[in-house]
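Worksheet: the structure to be examined is printed underneath.
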Amino acid sequence: MNRDVPYDQFIRDQIAADHFQSPPRPQALAALGFLTIGHRFNFFWDEVMDDRIDVISRGFLGLTASCARCHDHKFDPISTENYYSLFGIMRNSIEPTPDQFPSVTTDVSHEISPARKEAIAKAADEYHALRQNLHQKMSHEMRRWAGDYLHYLVQVDSNHRTRPQPDQRTERGLIRVKSAYAQGGVIRWQQFLENISEDHAIFGLWARLWKLPKSAIASQSGHVIHQWAKAPGTSQVLLHQSRTFENGLKSMEDVAQIYGSVFESVCAEWEDLRKADPQVSQLPNPDRELIRAFLYGPESPGTFTIDDSEDLYTLNESVDVRNAFGKIEKVILEEWKDMPVRAMVLKDRPESDYIHQVIYRRGNRLTPGEVVPREIPPIISGTRSIPISHGSGRKELAQAIASPQNP
């Protein structure tokens with residue numbers, strides 16, 4: 001108000017100040033607090049994204065777009081697909097850690113001392129190292145301990161269970177059934193297996209046998225194995241193990257045992273090979289390489305980003321990460337009067353880590369649907385959808401909202 005900033009510029013700054021002018025105007029970056037200083041919802045990131053969509057749509061457009069989180073809007077032309085296009089924009093806009101907040105002042109009297117810079121950098125490095133280590137640990141568990149997760153899913157299914165209670169703690173450790181603020185690791189394996197094809201090279205046998213009643217597996221497993229063997233690309237390792245299983249397959253518990261032992265041996269072989277030669281790219285045996293490529297590939301439940309690994313944290317792990325993050329802030333606040341004024345900004349997620357957003361059925365991220373297009377919805381552009389070719393899309397969103405063509 002005091003500087004008579006034009007309203008269209010005001011909008012662009014609050015949504016995407018980091019994308020306009022190079023380098024961005026320091027004062028403009030502070031406007032990104034419009035999106036970053038908001039509710040945290042006890043670390044449920046999907047609620048944070050929804051809140052940002054809500055504040056943008058109501059604040060600048062007079063629309064309650066969040067209604068479309070669960071269903072097509074009942075009054076305004078906003079579909080569920082439109083909502084999750086916006087959700088993808090917000091989700092691919094990430095917050096840097098406090099040590100990376102840019103200064104918005106040119107006052108040289110607030111220069112950070114070398115000692116303070118070193119302390120801040122050390123705290124930030126410890127935070128990032130902790131998250132990296134947890135990510136590696138959980139990825140390892142989700143792959144090498146896959147058998148434990150498969151056993152658990154068998155024992156919680158009313159059709160296939162063979163015991164009254166599943167084992168949440170195994171000889172390897174604690175299965176990530178429930179995490180601190182989400183659903184843990186079991187849900188990742190469950191979602192994957194629910195959508196698997198009967199001709200899947202690795203899990204085709206599982207998909208075929210899972211559909212049978214528990215009482216029919218012993219009598220029909222031989223026929224099912226024979227039929228799966230005809231599918232193109234079927235894993236010869238798993239096929240051999242299934243055919244030679246002692247006394248034949250009698251339950252899904254037996255099937256889980258086969259998958260678990262094969263997966264663990266493949267992971268162990270790969271880890272040993274990598275230790276001997278970090279440059280190696282595949283296993284020498286093509287049949288075992290097929291399994292390794294799956295376990296370490298994008299389709300695997302054990303493949304996820306560092307950010308997504310937060311969904312698997314135990315309460316203790318989550319507390320450790322929050323404390324490490326708080327340590328960065330603590331180091332900064334120890335001499336806050338001498339620190340330059342800094343902006344709480346957003347930045348685009350690296351293209352290599354870009355998340356292709358899907359619809360969450362009924363607004364629940366545990367029930368993912370189809371991928372939505374990267375675009376600005378037509379109700380914002382005023383005519384037709386605006387495709388997003390690179391970056392998060394916040395720049396295009398800000399331009400569309402601030403455009404004179406916006407109805």
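Chain lettering (A, B, ...) mirrors the order of the structure tokens, residue numbering begins at 1 for each chain separately, and ligand numbering begins at 1 in order of display.
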Report as a PDB file with N, CA, C and O atoms, in the first residue's frame all protein, DNA and RNA residues lying within 8 Å of Gly369 (chain A), evaluated on only C-alpha atoms, omitting residues in the same chain fewer than 2 positions from it.
ATOM      1  N   VAL A 358      -1.202 -37.284  -9.124  1.00  0.00           N
ATOM      2  CA  VAL A 358      -2.369 -38.099  -9.440  1.00  0.00           C
ATOM      3  C   VAL A 358      -3.573 -37.579  -8.666  1.00  0.00           C
ATOM      4  O   VAL A 358      -3.432 -36.829  -7.693  1.00  0.00           O
ATOM      5  N   ILE A 359      -4.743 -37.959  -9.101  1.00  0.00           N
ATOM      6  CA  ILE A 359      -5.964 -37.661  -8.348  1.00  0.00           C
ATOM      7  C   ILE A 359      -5.993 -38.555  -7.114  1.00  0.00           C
ATOM      8  O   ILE A 359      -5.657 -39.737  -7.182  1.00  0.00           O
ATOM      9  N   TYR A 360      -6.370 -37.988  -5.983  1.00  0.00           N
ATOM     10  CA  TYR A 360      -6.611 -38.782  -4.786  1.00  0.00           C
ATOM     11  C   TYR A 360      -8.120 -38.992  -4.684  1.00  0.00           C
ATOM     12  O   TYR A 360      -8.872 -38.029  -4.460  1.00  0.00           O
ATOM     13  N   ARG A 361      -8.551 -40.216  -4.845  1.00  0.00           N
ATOM     14  CA  ARG A 361      -9.982 -40.493  -4.842  1.00  0.00           C
ATOM     15  C   ARG A 361     -10.597 -40.121  -3.499  1.00  0.00           C
ATOM     16  O   ARG A 361     -10.094 -40.484  -2.455  1.00  0.00           O
ATOM     17  N   THR A 367      -5.573 -43.458  -1.628  1.00  0.00           N
ATOM     18  CA  THR A 367      -6.307 -44.100  -2.718  1.00  0.00           C
ATOM     19  C   THR A 367      -6.018 -43.347  -4.013  1.00  0.00           C
ATOM     20  O   THR A 367      -6.855 -42.593  -4.506  1.00  0.00           O
ATOM     21  N   VAL A 371      -3.052 -40.049 -13.314  1.00  0.00           N
ATOM     22  CA  VAL A 371      -2.211 -38.854 -13.356  1.00  0.00           C
ATOM     23  C   VAL A 371      -2.985 -37.717 -14.007  1.00  0.00           C
ATOM     24  O   VAL A 371      -3.715 -37.916 -14.981  1.00  0.00           O
TER      25      VAL A 371
END
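For Glu269 (chain A), the set of protein, DNA and RNA residues having any atom at most 12 Å away, when counting only C-alpha atoms and skipping those fewer than 6 positions along the same chain, is A:Arg144, A:Val262, A:Phe263, A:Lys275, A:Ala276, A:Gln282, A:Leu283, A:Pro284, A:Asn285, A:Arg288, A:Glu289, A:Ile291, A:Arg292.
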Within 12 Å of region 5-9 of chain A, which residues of region 21-131 of chain A come that close, and what is the closest atom pair and distance in Å for each? Count only C-alpha atoms and give it as a tab-separated table.
residue	atom	partner	partner_atom	distance
A:Gln21	CA	A:Gln9	CA	11.8
A:Arg25	CA	A:Gln9	CA	11.9
A:Gln27	CA	A:Val5	CA	11.7
A:Ala28	CA	A:Gln9	CA	9.4
A:Ala31	CA	A:Gln9	CA	10.6
A:Phe60	CA	A:Asp8	CA	10.4
Using N, CA and C atoms, can you export the residues from the last selection as a PDB file, in the first residue's frame?
ATOM      1  N   GLN A  21      12.021 -11.525 -12.619  1.00  0.00           N
ATOM      2  CA  GLN A  21      13.287 -10.793 -12.568  1.00  0.00           C
ATOM      3  C   GLN A  21      14.414 -11.721 -12.087  1.00  0.00           C
ATOM      4  N   ARG A  25      13.759  -9.421  -6.976  1.00  0.00           N
ATOM      5  CA  ARG A  25      13.850  -8.266  -6.076  1.00  0.00           C
ATOM      6  C   ARG A  25      13.757  -8.759  -4.629  1.00  0.00           C
ATOM      7  N   GLN A  27      12.855  -7.475  -1.754  1.00  0.00           N
ATOM      8  CA  GLN A  27      11.616  -7.185  -1.032  1.00  0.00           C
ATOM      9  C   GLN A  27      10.463  -8.029  -1.560  1.00  0.00           C
ATOM     10  N   ALA A  28      10.476  -8.308  -2.862  1.00  0.00           N
ATOM     11  CA  ALA A  28       9.389  -9.098  -3.444  1.00  0.00           C
ATOM     12  C   ALA A  28       9.379 -10.521  -2.894  1.00  0.00           C
ATOM     13  N   ALA A  31       7.127 -11.535  -0.126  1.00  0.00           N
ATOM     14  CA  ALA A  31       5.708 -11.751  -0.409  1.00  0.00           C
ATOM     15  C   ALA A  31       5.343 -13.230  -0.426  1.00  0.00           C
ATOM     16  N   PHE A  60      -7.631 -14.593  -4.197  1.00  0.00           N
ATOM     17  CA  PHE A  60      -7.467 -13.877  -5.460  1.00  0.00           C
ATOM     18  C   PHE A  60      -8.615 -14.076  -6.440  1.00  0.00           C
TER      19      PHE A  60
END
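If you look at CA of Asp254 (chain A) and CA of Arg161 (chain A), they are 11.4 Å away from each other.
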Test item: residues at most 9 Å from region 310-327 of chain A, only C-alpha atoms, excluding those fewer than 6 positions along its chain, as a list in words:
Phe44, Thr97, Pro98, Ile120, Ala123, Ala124, Glu126, Tyr127, His128, Leu130, Arg131, Leu134, His135, Met138, Arg176, Val177, Lys178, Ser179, Ala180, Tyr181, Ala182, Gln183, Gly184 and Gly185 of chain A
Computed gap from CA of Pro24 (chain A) to CA of Leu86 (chain A) is 23.5 Å
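Across A:Glu329, A:Asp287, A:Asp99, A:Glu375, the tightest approach to Gln236 (chain A) is made by A:Asp287 when counting only C-alpha atoms.
Take the candidates A:Met252, A:Ile376, A:Ile78, A:Val331 and check each one against Lys117 (chain A) using only C-alpha atoms; the shortest distance goes to A:Val331.
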